[in-house]
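Chemist: Have a peek at run24.pdb (PDB, C-alpha atoms).
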ATOM      1  CA  MET R   1      37.095  77.788 -46.631
ATOM      2  CA  ILE R   2      37.395  74.442 -48.449
ATOM      3  CA  THR R   3      37.639  71.671 -45.892
ATOM      4  CA  ASP R   4      36.020  68.512 -47.245
ATOM      5  CA  THR R   5      37.692  66.292 -49.852
ATOM      6  CA  SER R   6      34.760  63.950 -50.462
ATOM      7  CA  SER R   7      31.909  64.635 -52.853
ATOM      8  CA  TYR R   8      29.632  67.542 -52.028
ATOM      9  CA  VAL R   9      27.056  69.939 -53.417
ATOM     10  CA  SER R  10      26.619  73.539 -52.315
ATOM     11  CA  ILE R  11      24.827  76.682 -53.500
ATOM     12  CA  LEU R  12      26.404  80.075 -52.883
ATOM     13  CA  LEU R  13      24.015  83.047 -52.934
ATOM     14  CA  HIS R  14      25.240  86.617 -53.284
ATOM     15  CA  GLY R  15      23.104  89.447 -51.941
ATOM     16  CA  ALA R  16      20.465  87.413 -50.088
ATOM     17  CA  GLY R  17      20.435  87.320 -46.292
ATOM     18  CA  GLN R  18      19.931  84.175 -44.259
ATOM     19  CA  ASP R  19      16.381  85.034 -43.160
ATOM     20  CA  ALA R  20      15.211  85.597 -46.744
ATOM     21  CA  VAL R  21      16.905  82.364 -47.858
ATOM     22  CA  LEU R  22      15.198  80.414 -45.083
ATOM     23  CA  ASP R  23      11.809  81.855 -46.063
ATOM     24  CA  SER R  24      12.358  80.849 -49.699
ATOM     25  CA  LEU R  25      13.394  77.322 -48.758
ATOM     26  CA  ARG R  26      10.260  76.930 -46.668
ATOM     27  CA  ALA R  27       8.129  78.228 -49.557
ATOM     28  CA  LEU R  28       9.819  75.722 -51.893
ATOM     29  CA  ALA R  29       9.462  72.971 -49.256
ATOM     30  CA  GLN R  30      13.095  71.878 -49.527
ATOM     31  CA  ALA R  31      15.395  70.640 -46.763
ATOM     32  CA  ALA R  32      18.810  72.276 -46.402
ATOM     33  CA  PHE R  33      21.367  73.639 -43.990
ATOM     34  CA  VAL R  34      21.887  77.397 -44.371
ATOM     35  CA  SER R  35      24.938  79.320 -43.225
ATOM     36  CA  PRO R  36      24.899  82.728 -41.597
ATOM     37  CA  THR R  37      25.403  85.564 -44.074
ATOM     38  CA  ARG R  38      28.973  86.806 -44.295
ATOM     39  CA  GLU R  39      29.889  89.880 -46.382
ATOM     40  CA  GLY R  40      26.693  89.411 -48.372
ATOM     41  CA  PHE R  41      27.236  85.692 -49.052
ATOM     42  CA  THR R  42      25.073  82.817 -47.809
ATOM     43  CA  VAL R  43      25.745  79.113 -48.451
ATOM     44  CA  VAL R  44      22.942  76.575 -48.869
ATOM     45  CA  TYR R  45      23.692  72.852 -48.436
ATOM     46  CA  PRO R  46      20.673  71.025 -49.968
ATOM     47  CA  GLU R  47      19.562  67.591 -48.833
ATOM     48  CA  ASP R  48      18.289  66.584 -52.297
ATOM     49  CA  GLU R  49      21.521  66.940 -54.249
ATOM     50  CA  ASP R  50      19.998  65.652 -57.507
ATOM     51  CA  ALA R  51      17.571  68.574 -57.453
ATOM     52  CA  ALA R  52      20.181  71.161 -56.449
ATOM     53  CA  PRO R  53      20.331  72.896 -59.884
ATOM     54  CA  TRP R  54      16.540  73.252 -59.780
ATOM     55  CA  LEU R  55      16.756  74.661 -56.265
ATOM     56  CA  ALA R  56      19.538  77.082 -57.207
ATOM     57  CA  SER R  57      17.477  78.414 -60.101
ATOM     58  CA  ARG R  58      14.367  78.802 -57.977
ATOM     59  CA  LEU R  59      16.259  80.556 -55.165
ATOM     60  CA  SER R  60      17.956  82.862 -57.644
ATOM     61  CA  ARG R  61      14.617  83.741 -59.194
ATOM     62  CA  ALA R  62      12.743  84.194 -55.909
ATOM     63  CA  LEU R  63      15.487  86.248 -54.261
ATOM     64  CA  GLU R  64      16.585  88.062 -57.449
ATOM     65  CA  CYS R  65      20.212  87.253 -56.774
ATOM     66  CA  PRO R  66      23.041  85.209 -58.303
ATOM     67  CA  ALA R  67      23.258  81.554 -57.249
ATOM     68  CA  TRP R  68      26.438  79.535 -57.838
ATOM     69  CA  HIS R  69      25.621  75.821 -57.756
ATOM     70  CA  VAL R  70      28.779  73.717 -57.362
ATOM     71  CA  GLU R  71      29.315  69.941 -57.420
ATOM     72  CA  ALA R  72      32.689  68.339 -56.737
ATOM     73  CA  ASP R  73      33.920  64.794 -56.252
ATOM     74  CA  ASP R  74      37.110  62.784 -56.566
ATOM     75  CA  LEU R  75      37.254  63.274 -60.316
ATOM     76  CA  ALA R  76      35.565  66.501 -61.383
ATOM     77  CA  LEU R  77      34.243  69.958 -60.617
ATOM     78  CA  THR R  78      31.052  71.185 -62.276
ATOM     79  CA  TRP R  79      28.961  74.267 -61.746
ATOM     80  CA  ALA R  80      25.948  76.200 -62.952
ATOM     81  CA  LEU R  81      25.579  79.943 -62.448
ATOM     82  CA  PHE R  82      22.103  81.463 -62.218
ATOM     83  CA  GLU R  83      21.319  85.176 -62.298
ATOM     84  CA  SER R  84      17.751  86.168 -61.372
ATOM     85  CA  GLY R  85      16.733  82.619 -62.277
ATOM     86  CA  ASP R  86      18.421  82.566 -65.686
ATOM     87  CA  TRP R  87      21.132  79.957 -66.266
ATOM     88  CA  THR R  88      24.003  82.098 -67.540
ATOM     89  CA  ASP R  89      27.137  79.951 -67.201
ATOM     90  CA  ALA R  90      28.161  76.312 -66.863
ATOM     91  CA  TYR R  91      31.472  74.568 -66.240
ATOM     92  CA  ASP R  92      32.681  70.963 -66.390
ATOM     93  CA  SER R  93      36.291  70.100 -65.617
ATOM     94  CA  ALA R  94      35.958  66.620 -67.168
ATOM     95  CA  PRO R  95      33.222  66.610 -69.843
ATOM     96  CA  GLY R  96      34.341  63.258 -71.247
ATOM     97  CA  LEU R  97      34.248  61.439 -67.929
ATOM     98  CA  LEU R  98      31.282  59.131 -68.551
ATOM     99  CA  SER R  99      32.002  58.525 -72.233
ATOM    100  CA  GLY R 100      35.669  57.733 -71.683
ATOM    101  CA  GLU R 101      36.796  60.615 -73.900
ATOM    102  CA  ASP R 102      39.933  62.601 -73.160
ATOM    103  CA  ALA R 103      38.241  65.992 -73.373
ATOM    104  CA  PRO R 104      39.573  69.263 -71.921
ATOM    105  CA  PRO R 105      37.506  71.308 -69.440
ATOM    106  CA  SER R 106      34.539  73.066 -71.015
ATOM    107  CA  GLY R 107      32.582  76.229 -70.238
ATOM    108  CA  GLY R 108      33.275  78.501 -67.324
ATOM    109  CA  ASP R 109      33.272  82.258 -67.909
ATOM    110  CA  ALA R 110      35.608  83.716 -65.280
ATOM    111  CA  VAL R 111      34.609  87.296 -66.073
ATOM    112  CA  ARG R 112      30.909  86.473 -65.714
ATOM    113  CA  LEU R 113      31.470  84.610 -62.450
ATOM    114  CA  CYS R 114      33.386  87.554 -60.962
ATOM    115  CA  GLY R 115      30.694  89.999 -62.039
ATOM    116  CA  ALA R 116      27.852  87.907 -60.658
ATOM    117  CA  LEU R 117      29.564  87.452 -57.290
ATOM    118  CA  GLY R 118      30.658  91.086 -57.064
ATOM    119  CA  ARG R 119      34.365  90.306 -57.141
ATOM    120  CA  PRO R 120      37.081  92.472 -58.741
ATOM    121  CA  ALA R 121      37.279  92.070 -62.507
ATOM    122  CA  ASP R 122      41.022  91.433 -62.404
ATOM    123  CA  ALA R 123      40.407  88.221 -60.428
ATOM    124  CA  ALA R 124      39.215  86.665 -63.700
ATOM    125  CA  SER R 125      42.783  86.525 -65.009
ATOM    126  CA  ASP R 126      43.717  84.340 -62.020
ATOM    127  CA  ILE R 127      40.645  82.125 -62.341
ATOM    128  CA  ALA R 128      40.810  81.418 -66.086
ATOM    129  CA  PRO R 129      43.968  79.245 -66.012
ATOM    130  CA  ILE R 130      42.573  77.294 -63.046
ATOM    131  CA  LEU R 131      39.506  76.435 -65.111
ATOM    132  CA  ARG R 132      41.449  75.455 -68.231
ATOM    133  CA  ALA R 133      44.019  73.237 -66.512
ATOM    134  CA  GLU R 134      43.517  69.596 -67.448
ATOM    135  CA  PRO R 135      43.429  67.095 -64.560
ATOM    136  CA  LEU R 136      46.761  65.423 -65.407
ATOM    137  CA  ASP R 137      48.639  68.557 -66.430
ATOM    138  CA  GLU R 138      52.131  68.091 -64.926
ATOM    139  CA  ASP R 139      52.579  71.758 -64.086
ATOM    140  CA  PHE R 140      49.078  72.905 -63.201
ATOM    141  CA  GLY R 141      46.523  70.134 -62.883
ATOM    142  CA  TYR R 142      43.839  69.140 -60.391
ATOM    143  CA  LEU R 143      43.137  65.478 -59.748
ATOM    144  CA  HIS R 144      40.336  66.257 -57.300
ATOM    145  CA  GLY R 145      37.352  68.524 -57.930
ATOM    146  CA  ALA R 146      37.570  70.078 -54.462
ATOM    147  CA  GLU R 147      41.180  71.105 -55.073
ATOM    148  CA  ARG R 148      40.199  73.081 -58.154
ATOM    149  CA  HIS R 149      37.187  74.544 -56.339
ATOM    150  CA  GLU R 150      39.443  75.676 -53.494
ATOM    151  CA  GLN R 151      41.697  77.520 -55.914
ATOM    152  CA  VAL R 152      38.727  79.276 -57.550
ATOM    153  CA  VAL R 153      37.341  80.286 -54.137
ATOM    154  CA  ASP R 154      40.729  81.679 -53.124
ATOM    155  CA  ALA R 155      41.085  83.602 -56.379
ATOM    156  CA  LEU R 156      37.605  85.062 -55.915
ATOM    157  CA  GLY R 157      38.522  86.239 -52.429
ATOM    158  CA  LEU R 158      35.346  84.856 -50.858
ATOM    159  CA  PRO R 159      34.817  85.227 -47.080
ATOM    160  CA  PRO R 160      37.000  82.663 -45.262
ATOM    161  CA  GLN R 161      34.442  82.293 -42.454
ATOM    162  CA  LEU R 162      32.223  80.110 -44.660
ATOM    163  CA  ASP R 163      32.587  76.470 -45.728
ATOM    164  CA  TYR R 164      32.022  76.120 -49.471
ATOM    165  CA  ALA R 165      32.766  72.420 -49.789
ATOM    166  CA  LEU R 166      30.724  70.645 -47.159
ATOM    167  CA  GLY R 167      27.589  68.758 -48.105
ATOM    168  CA  PHE R 168      24.335  68.087 -46.279
ATOM    169  CA  ARG R 169      25.344  64.579 -45.115
ATOM    170  CA  ALA R 170      28.635  65.791 -43.632
ATOM    171  CA  LEU R 171      26.808  68.517 -41.734
ATOM    172  CA  GLU R 172      24.285  65.979 -40.440
ATOM    173  CA  ARG R 173      27.263  64.093 -38.996
ATOM    174  CA  GLY R 174      28.405  67.277 -37.287
ATOM    175  CA  GLU R 175      31.406  67.884 -39.532
ATOM    176  CA  ALA R 176      32.696  71.396 -40.172
ATOM    177  CA  GLY R 177      35.968  72.962 -41.153
ATOM    178  CA  SER R 178      38.325  74.400 -38.583
ATOM    179  CA  GLY R 179      38.087  78.161 -38.512
ATOM    180  CA  ALA R 180      34.796  78.225 -40.419
ATOM    181  CA  THR R 181      31.254  78.590 -39.114
ATOM    182  CA  PRO R 182      30.450  75.874 -36.529
ATOM    183  CA  VAL R 183      27.616  73.504 -37.388
ATOM    184  CA  ALA R 184      25.707  74.857 -34.395
ATOM    185  CA  ASP R 185      25.565  78.260 -36.097
ATOM    186  CA  LEU R 186      23.946  76.861 -39.241
ATOM    187  CA  THR R 187      20.166  76.647 -39.557
ATOM    188  CA  LEU R 188      18.432  73.487 -40.714
ATOM    189  CA  VAL R 189      15.195  73.758 -42.699
ATOM    190  CA  ARG R 190      13.257  70.507 -42.917
ATOM    191  CA  PRO R 191       9.657  70.896 -44.118
ATOM    192  CA  PRO R 192       7.168  68.309 -42.815
ATOM    193  CA  SER R 193       5.960  67.578 -46.360
ATOM    194  CA  PRO R 194       8.826  68.288 -48.767
ATOM    195  CA  LEU R 195       8.051  68.999 -52.403
ATOM    196  CA  SER R 196       8.839  65.985 -54.567
ATOM    197  CA  VAL R 197      11.409  66.842 -57.242
ATOM    198  CA  ARG R 198      12.563  64.164 -59.662
ATOM    199  CA  ARG R 199      15.186  64.391 -62.370
ATOM    200  CA  TYR R 200      14.639  62.949 -65.824
ATOM    201  CA  ASP R 201      16.718  63.315 -68.991
ATOM    202  CA  LEU R 202      15.395  63.519 -72.538
ATOM    203  CA  VAL R 203      17.461  61.742 -75.194
ATOM    204  CA  SER R 204      16.993  60.755 -78.833
ATOM    205  CA  PRO R 205      18.113  57.101 -79.046
ATOM    206  CA  LEU R 206      20.018  55.665 -81.963
ATOM    207  CA  PRO R 207      18.213  52.844 -83.806
ATOM    208  CA  GLY R 208      18.387  49.638 -81.813
ATOM    209  CA  ALA R 209      19.640  51.281 -78.619
ATOM    210  CA  ALA R 210      18.284  49.349 -75.649
ATOM    211  CA  ASP R 211      17.106  51.066 -72.490
ATOM    212  CA  GLU R 212      19.986  49.637 -70.471
ATOM    213  CA  ASP R 213      22.505  50.971 -72.994
ATOM    214  CA  LEU R 214      20.916  54.427 -72.938
ATOM    215  CA  LEU R 215      20.964  54.453 -69.143
ATOM    216  CA  ALA R 216      24.594  53.308 -68.998
ATOM    217  CA  TRP R 217      25.573  55.942 -71.564
ATOM    218  CA  LEU R 218      23.868  58.764 -69.692
ATOM    219  CA  TYR R 219      24.423  57.708 -66.077
ATOM    220  CA  GLY R 220      27.042  54.970 -66.396
ATOM    221  CA  ASP R 221      30.213  54.415 -64.449
ATOM    222  CA  VAL R 222      33.344  56.409 -65.122
ATOM    223  CA  SER R 223      35.316  53.542 -66.626
ATOM    224  CA  GLY R 224      34.288  54.549 -70.130
ATOM    225  CA  THR R 225      33.172  51.020 -71.075
ATOM    226  CA  LEU R 226      30.464  52.552 -73.259
ATOM    227  CA  GLY R 227      32.489  55.184 -75.038
ATOM    228  CA  GLU R 228      30.215  55.302 -78.081
ATOM    229  CA  PRO R 229      27.145  57.546 -77.785
ATOM    230  CA  MET R 230      23.794  55.788 -77.690
ATOM    231  CA  GLY R 231      21.810  58.885 -78.629
ATOM    232  CA  ARG R 232      21.611  61.429 -81.400
ATOM    233  CA  SER R 233      21.740  65.176 -81.043
ATOM    234  CA  LEU R 234      18.498  66.767 -79.904
ATOM    235  CA  GLY R 235      19.523  69.917 -81.766
ATOM    236  CA  THR R 236      20.453  73.409 -80.713
ATOM    237  CA  PRO R 237      18.844  74.996 -77.664
ATOM    238  CA  GLU R 238      16.699  77.050 -80.043
ATOM    239  CA  ALA R 239      15.394  73.901 -81.757
ATOM    240  CA  ILE R 240      14.823  72.188 -78.412
ATOM    241  CA  ARG R 241      12.910  75.204 -77.091
ATOM    242  CA  ALA R 242      10.735  75.142 -80.209
ATOM    243  CA  ALA R 243       9.955  71.439 -79.726
ATOM    244  CA  ILE R 244       9.129  71.878 -76.046
ATOM    245  CA  SER R 245       7.024  75.011 -76.460
ATOM    246  CA  GLY R 246       5.210  73.430 -79.414
ATOM    247  CA  ALA R 247       4.138  70.469 -77.294
ATOM    248  CA  LEU R 248       3.722  72.471 -74.078
ATOM    249  CA  PRO R 249       2.564  75.949 -75.162
ATOM    250  CA  GLU R 250       2.471  77.269 -71.599
ATOM    251  CA  SER R 251       6.276  77.032 -71.382
ATOM    252  CA  ASP R 252       8.019  80.196 -70.234
ATOM    253  CA  VAL R 253      10.047  80.854 -73.395
ATOM    254  CA  ALA R 254      11.126  84.220 -71.997
ATOM    255  CA  ARG R 255      13.790  82.290 -70.062
ATOM    256  CA  PRO R 256      15.654  80.517 -72.844
ATOM    257  CA  ALA R 257      18.113  78.678 -70.602
ATOM    258  CA  TRP R 258      15.555  77.394 -68.109
ATOM    259  CA  LEU R 259      12.071  76.713 -69.452
ATOM    260  CA  LEU R 260       9.284  76.400 -66.926
ATOM    261  CA  THR R 261       5.984  74.707 -67.636
ATOM    262  CA  PRO R 262       3.643  75.503 -64.738
ATOM    263  CA  GLY R 263       0.542  73.623 -63.765
ATOM    264  CA  GLY R 264      -1.980  73.755 -60.960
ATOM    265  CA  ASP R 265      -0.203  71.085 -58.932
ATOM    266  CA  PHE R 266       3.000  70.349 -60.841
ATOM    267  CA  ALA R 267       5.807  71.966 -62.819
ATOM    268  CA  LEU R 268       8.294  70.829 -65.440
ATOM    269  CA  ASP R 269      11.606  72.704 -65.478
ATOM    270  CA  PHE R 270      13.786  72.139 -68.533
ATOM    271  CA  ALA R 271      17.482  72.852 -67.880
ATOM    272  CA  LEU R 272      18.926  73.925 -71.232
ATOM    273  CA  GLY R 273      21.820  75.972 -69.919
ATOM    274  CA  PRO R 274      23.896  78.556 -71.783
ATOM    275  CA  ASP R 275      24.015  78.225 -75.568
ATOM    276  CA  LEU R 276      27.143  76.101 -76.002
ATOM    277  CA  GLY R 277      26.039  74.238 -79.127
ATOM    278  CA  GLU R 278      23.922  71.174 -79.857
ATOM    279  CA  ARG R 279      22.778  68.976 -76.959
ATOM    280  CA  ASP R 280      22.641  65.208 -76.678
ATOM    281  CA  HIS R 281      20.264  65.392 -73.719
ATOM    282  CA  VAL R 282      18.089  67.795 -71.773
ATOM    283  CA  THR R 283      17.585  67.508 -68.022
ATOM    284  CA  VAL R 284      14.018  67.925 -66.763
ATOM    285  CA  TYR R 285      12.993  68.483 -63.146
ATOM    286  CA  VAL R 286       9.488  67.267 -62.363
ATOM    287  CA  SER R 287       8.078  68.811 -59.187
ATOM    288  CA  ALA R 288       4.735  68.114 -57.554
ATOM    289  CA  SER R 289       3.238  68.401 -54.105
ATOM    290  CA  GLU R 290       0.892  65.417 -54.396
ATOM    291  CA  PRO R 291       1.031  61.996 -56.133
ATOM    292  CA  ALA R 292      -1.777  63.014 -58.501
ATOM    293  CA  GLY R 293       0.231  66.045 -59.605
ATOM    294  CA  LEU R 294       3.292  63.888 -60.167
ATOM    295  CA  ARG R 295       1.314  61.476 -62.346
ATOM    296  CA  THR R 296      -0.006  64.395 -64.399
ATOM    297  CA  ALA R 297       3.476  65.842 -64.819
ATOM    298  CA  LEU R 298       4.921  62.509 -65.936
ATOM    299  CA  ALA R 299       2.089  62.068 -68.418
ATOM    300  CA  ARG R 300       2.928  65.480 -69.902
ATOM    301  CA  LEU R 301       6.582  64.499 -70.101
ATOM    302  CA  GLU R 302       5.703  61.213 -71.806
ATOM    303  CA  ALA R 303       3.528  63.037 -74.339
ATOM    304  CA  LEU R 304       6.294  65.543 -75.109
ATOM    305  CA  ALA R 305       8.876  62.808 -75.594
ATOM    306  CA  ALA R 306       6.547  60.766 -77.788
ATOM    307  CA  ALA R 307       5.741  63.761 -79.998
ATOM    308  CA  ALA R 308       9.433  64.592 -80.480
ATOM    309  CA  GLY R 309      10.690  61.031 -80.841
ATOM    310  CA  TRP R 310      12.699  61.268 -77.631
ATOM    311  CA  ARG R 311      12.974  59.068 -74.555
ATOM    312  CA  ALA R 312      12.664  60.194 -70.940
ATOM    313  CA  LEU R 313      15.115  58.448 -68.596
ATOM    314  CA  HIS R 314      15.545  58.400 -64.836
ATOM    315  CA  PRO R 315      18.884  57.302 -63.305
ATOM    316  CA  GLU R 316      17.191  54.761 -61.028
ATOM    317  CA  GLN R 317      13.751  54.144 -62.516
ATOM    318  CA  GLY R 318      14.911  53.625 -66.113
ATOM    319  CA  ALA R 319      12.827  54.741 -69.071
ATOM    320  CA  LEU R 320       9.418  56.270 -68.435
ATOM    321  CA  ARG R 321       7.876  54.162 -71.165
ATOM    322  CA  ALA R 322       8.730  52.537 -74.492
ATOM    323  CA  TRP R 323       7.152  54.210 -77.516
TER     324      TRP R 323
END
Spell out the structure here as structure tokens.
Modeler:
Amino acid sequence: MITDTSSYVSILLHGAGQDAVLDSLRALAQAAFVSPTREGFTVVYPEDEDAAPWLASRLSRALECPAWHVEADDLALTWALFESGDWTDAYDSAPGLLSGEDAPPSGGDAVRLCGALGRPADAASDIAPILRAEPLDEDFGYLHGAERHEQVVDALGLPPQLDYALGFRALERGEAGSGATPVADLTLVRPPSPLSVRRYDLVSPLPGAADEDLLAWLYGDVSGTLGEPMGRSLGTPEAIRAAISGALPESDVARPAWLLTPGGDFALDFALGPDLGERDHVTVYVSASEPAGLRTALARLEALAAAAGWRALHPEQGALRAW
């Protein structure tokens, strides 16, 4: 059931029971609310929403199940689908939002989504036009991301006893949808020492691009004041994988859409996503249990970026370093 019309992040798992999900969250040291399992589906509402794609991938890999990571707000719906840890599908209802471009929705494989979530194949024909509808389409448009998400959930025929659109903060306030699982029936996992997960983005700046321009281009407001790109293409996913694995030979190249560089006390996860063409940035999740591990991970990220001529940016901390 879709009940919240504010921004939210949720992860829907198919085929993993609540107890197994709770065990995995504790092993990953991440805070989240977890719903009861209904008809084989369990919803995770993560506290660290920036790291939710990382968490969805890790849960999918650990539990060997599909994970549907969804983000919605007043303007857009985006998702990433993971199957056994591999990133197999991505969707963005408004890909030109930050740049100010009038771009139609991109990605979203309705057939793949139905297959991963065990729904009837003919549901894909109902989902596809929902995905392709542009926000201001007079006949069939969605101004709000949650509205589009609700239509996809309905077309999938997901269990109505679950809330798919609430976020961690709303649940902390005791909010829940009428007719769905009460907050009291959800389980909160809050590890005493949560694993630190930070998001960075690798970009290749155009000559003369200042840090503040790069940051505004990548994380800027939705007004489109910086419509011109500040970075060059990093290349195809294949070229990006080659650059990363060349600098970090321990990368797990067997997972082409989600590279993992493990270390004794840190990990770098590179979110490349499905092969949809050249990329202008790559998201990296830096995870470490101790400050020393975090410093080591950031040093590795700096070295990679320097070797490739890229920059590593953080939405709040700015650039890692100027090279």
Chemist: Give me the result of the PyMOL selection byres ((chain R and resi 8) around 8) on this file, residue by residue, as an MDAnalysis selection string.
Modeler: chainID R and resid 6:7 9:10 71:73 165:168
Chemist: Okay, now the selection with C-alpha atoms, as a CSV table (one decimal), keeping the file's coordinate frame?
Modeler:
chain,number,residue,atom,x,y,z
R,6,SER,CA,34.8,64.0,-50.5
R,7,SER,CA,31.9,64.6,-52.9
R,9,VAL,CA,27.1,69.9,-53.4
R,10,SER,CA,26.6,73.5,-52.3
R,71,GLU,CA,29.3,69.9,-57.4
R,72,ALA,CA,32.7,68.3,-56.7
R,73,ASP,CA,33.9,64.8,-56.3
R,165,ALA,CA,32.8,72.4,-49.8
R,166,LEU,CA,30.7,70.6,-47.2
R,167,GLY,CA,27.6,68.8,-48.1
R,168,PHE,CA,24.3,68.1,-46.3
Chemist: Grab all the atoms of region 272-291 of chain R that the file lists, wrap them in a box along x, y and z, add 3 Å per side, and give me centre plus edge lengths in Å (one decimal) as JSON.
Modeler:
{"center_x": 14.0, "center_y": 70.3, "center_z": -67.0, "size_x": 32.3, "size_y": 22.6, "size_z": 31.8}
Chemist: Given all atoms listed in the file as the basis, pick out the residue of R:Ala155, R:Ala306, R:Leu131, R:Cys65 nearest to Leu12 (chain R).
Modeler: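 Using all atoms listed in the file, Leu12 (chain R) sits closest to R:Cys65.
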Chemist: Give one line per residue of region 108-168 of chain R that approaches region 23-47 of chain R to at most 12 Å, naming the two atoms of the closest pair and their distance in Å to one decimal, counting all atoms listed in the file; sort by chain then ascending residue number and deliver it as JSON lines.
Modeler:
{"residue": "R:Ala116", "atom": "CA", "partner": "R:Phe41", "partner_atom": "CA", "distance": 11.8}
{"residue": "R:Leu117", "atom": "CA", "partner": "R:Phe41", "partner_atom": "CA", "distance": 8.7}
{"residue": "R:Gly118", "atom": "CA", "partner": "R:Gly40", "partner_atom": "CA", "distance": 9.7}
{"residue": "R:Arg119", "atom": "CA", "partner": "R:Glu39", "partner_atom": "CA", "distance": 11.7}
{"residue": "R:Gly157", "atom": "CA", "partner": "R:Glu39", "partner_atom": "CA", "distance": 11.2}
{"residue": "R:Leu158", "atom": "CA", "partner": "R:Phe41", "partner_atom": "CA", "distance": 8.4}
{"residue": "R:Pro159", "atom": "CA", "partner": "R:Arg38", "partner_atom": "CA", "distance": 6.7}
{"residue": "R:Pro160", "atom": "CA", "partner": "R:Arg38", "partner_atom": "CA", "distance": 9.1}
{"residue": "R:Gln161", "atom": "CA", "partner": "R:Arg38", "partner_atom": "CA", "distance": 7.3}
{"residue": "R:Leu162", "atom": "CA", "partner": "R:Arg38", "partner_atom": "CA", "distance": 7.5}
{"residue": "R:Asp163", "atom": "CA", "partner": "R:Val43", "partner_atom": "CA", "distance": 7.8}
{"residue": "R:Tyr164", "atom": "CA", "partner": "R:Val43", "partner_atom": "CA", "distance": 7.0}
{"residue": "R:Ala165", "atom": "CA", "partner": "R:Tyr45", "partner_atom": "CA", "distance": 9.2}
{"residue": "R:Leu166", "atom": "CA", "partner": "R:Tyr45", "partner_atom": "CA", "distance": 7.5}
{"residue": "R:Gly167", "atom": "CA", "partner": "R:Tyr45", "partner_atom": "CA", "distance": 5.7}
{"residue": "R:Phe168", "atom": "CA", "partner": "R:Tyr45", "partner_atom": "CA", "distance": 5.3}
Chemist: Please enumerate the residues selected by the PyMOL selection byres ((chain R and resi 57) around 8) when evaluated against the supplied file, formatted as a VMD selection string.
Modeler: chain R and resid 53 to 56 58 to 61 67 82 84 to 87
Chemist: On this structure, which residues satisfy the PyMOL selection byres ((chain R and resi 233) around 10), written as a list in words?
Modeler: Val203, Ser204, Pro205, Leu206, Pro229, Gly231, Arg232, Leu234, Gly235, Thr236, Glu278, Arg279, Asp280 and His281 of chain R
Chemist: Counting only C-alpha atoms, which of R:Glu238, R:Glu147, R:Asp48, R:Glu290 gets nearest to Pro274 (chain R)?
Modeler: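 Using only C-alpha atoms, Pro274 (chain R) sits closest to R:Glu238.
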Chemist: For Phe266 (chain R), work out the shell of residues within 10 Å, counting all atoms listed in the file and skipping chain neighbours fewer than 4 positions away, then give it as a ChimeraX atom specification.
Modeler: /R:195-197,261-262,286-298
Chemist: Which value, in Å to one decimal, gives the distance between CA of Ala184 (chain R) and CA of Val70 (chain R)?
Modeler: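 About the pair CA of Ala184 (chain R) and CA of Val70 (chain R): they are 23.2 Å apart.
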Chemist: Find the residues around Asp201 (chain R) up to 6 Å (only C-alpha atoms counted), leave out those fewer than 5 positions away in its own chain, and share them as a VMD selection string.
Modeler: chain R and resid 282 to 284 312 to 313
Chemist: Grab the CA of Pro315 (chain R) to CA of Pro192 (chain R) distance for me, in Å with one decimal place.
Modeler: 26.0 Å
Chemist: Pick from R:Ala94, R:Ala133, R:Leu156, R:Asp265: nearest to Ala110 (chain R), with only C-alpha atoms counted?
Modeler: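 Looking only at the distances to Ala110 (chain R), the closest residue turns out to be R:Leu156.
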Chemist: Report, in Å with one decimal, the straight-line distance from CA of Ala239 (chain R) to CA of Glu302 (chain R).
Modeler: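 Straight-line distance from CA of Ala239 (chain R) to CA of Glu302 (chain R) works out to 18.8 Å.
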Chemist: Please determine, counting all atoms listed in the file, which residue among R:Pro191, R:Pro105, R:Gly220, R:Gly273 has the shortest atom-to-atom distance to Ile240 (chain R).
Modeler: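 Comparing R:Pro191, R:Pro105, R:Gly220, R:Gly273 against Ile240 (chain R), the winner is R:Gly273.
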Chemist: Between R:Ala51, R:Asp211, R:Thr181, R:Trp79, which one has atoms that come closest to Val152 (chain R), using only C-alpha atoms?
Modeler: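 Counting only C-alpha atoms, the residue closest to Val152 (chain R) is R:Trp79.
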Chemist: Just checking: using all atoms listed in the file, which residue out of R:Arg190, R:Arg300, R:Arg173, R:Arg241 ends up closest to Ala271 (chain R)?
Modeler: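 The closest residue to Ala271 (chain R) is R:Arg241.
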Chemist: Can you take the partial region 200-205 of chain R, add N, CA and C atoms, and return it as a PDB file, in the frame of the given file?
Modeler:
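In the end it all went to rebuild-v4.pdb:
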ATOM      1  N   TYR R 200      14.685  63.794 -64.645  1.00  0.00           N
ATOM      2  CA  TYR R 200      14.639  62.949 -65.824  1.00  0.00           C
ATOM      3  C   TYR R 200      15.507  63.587 -66.902  1.00  0.00           C
ATOM      4  N   ASP R 201      15.934  62.791 -67.877  1.00  0.00           N
ATOM      5  CA  ASP R 201      16.718  63.315 -68.991  1.00  0.00           C
ATOM      6  C   ASP R 201      16.102  62.860 -70.303  1.00  0.00           C
ATOM      7  N   LEU R 202      15.926  63.809 -71.217  1.00  0.00           N
ATOM      8  CA  LEU R 202      15.395  63.519 -72.538  1.00  0.00           C
ATOM      9  C   LEU R 202      16.546  63.223 -73.488  1.00  0.00           C
ATOM     10  N   VAL R 203      16.452  62.110 -74.207  1.00  0.00           N
ATOM     11  CA  VAL R 203      17.461  61.742 -75.194  1.00  0.00           C
ATOM     12  C   VAL R 203      16.761  61.261 -76.456  1.00  0.00           C
ATOM     13  N   SER R 204      17.497  61.284 -77.567  1.00  0.00           N
ATOM     14  CA  SER R 204      16.993  60.755 -78.833  1.00  0.00           C
ATOM     15  C   SER R 204      17.812  59.520 -79.169  1.00  0.00           C
ATOM     16  N   PRO R 205      17.292  58.314 -78.921  1.00  0.00           N
ATOM     17  CA  PRO R 205      18.113  57.101 -79.046  1.00  0.00           C
ATOM     18  C   PRO R 205      18.463  56.767 -80.496  1.00  0.00           C
TER      19      PRO R 205
END
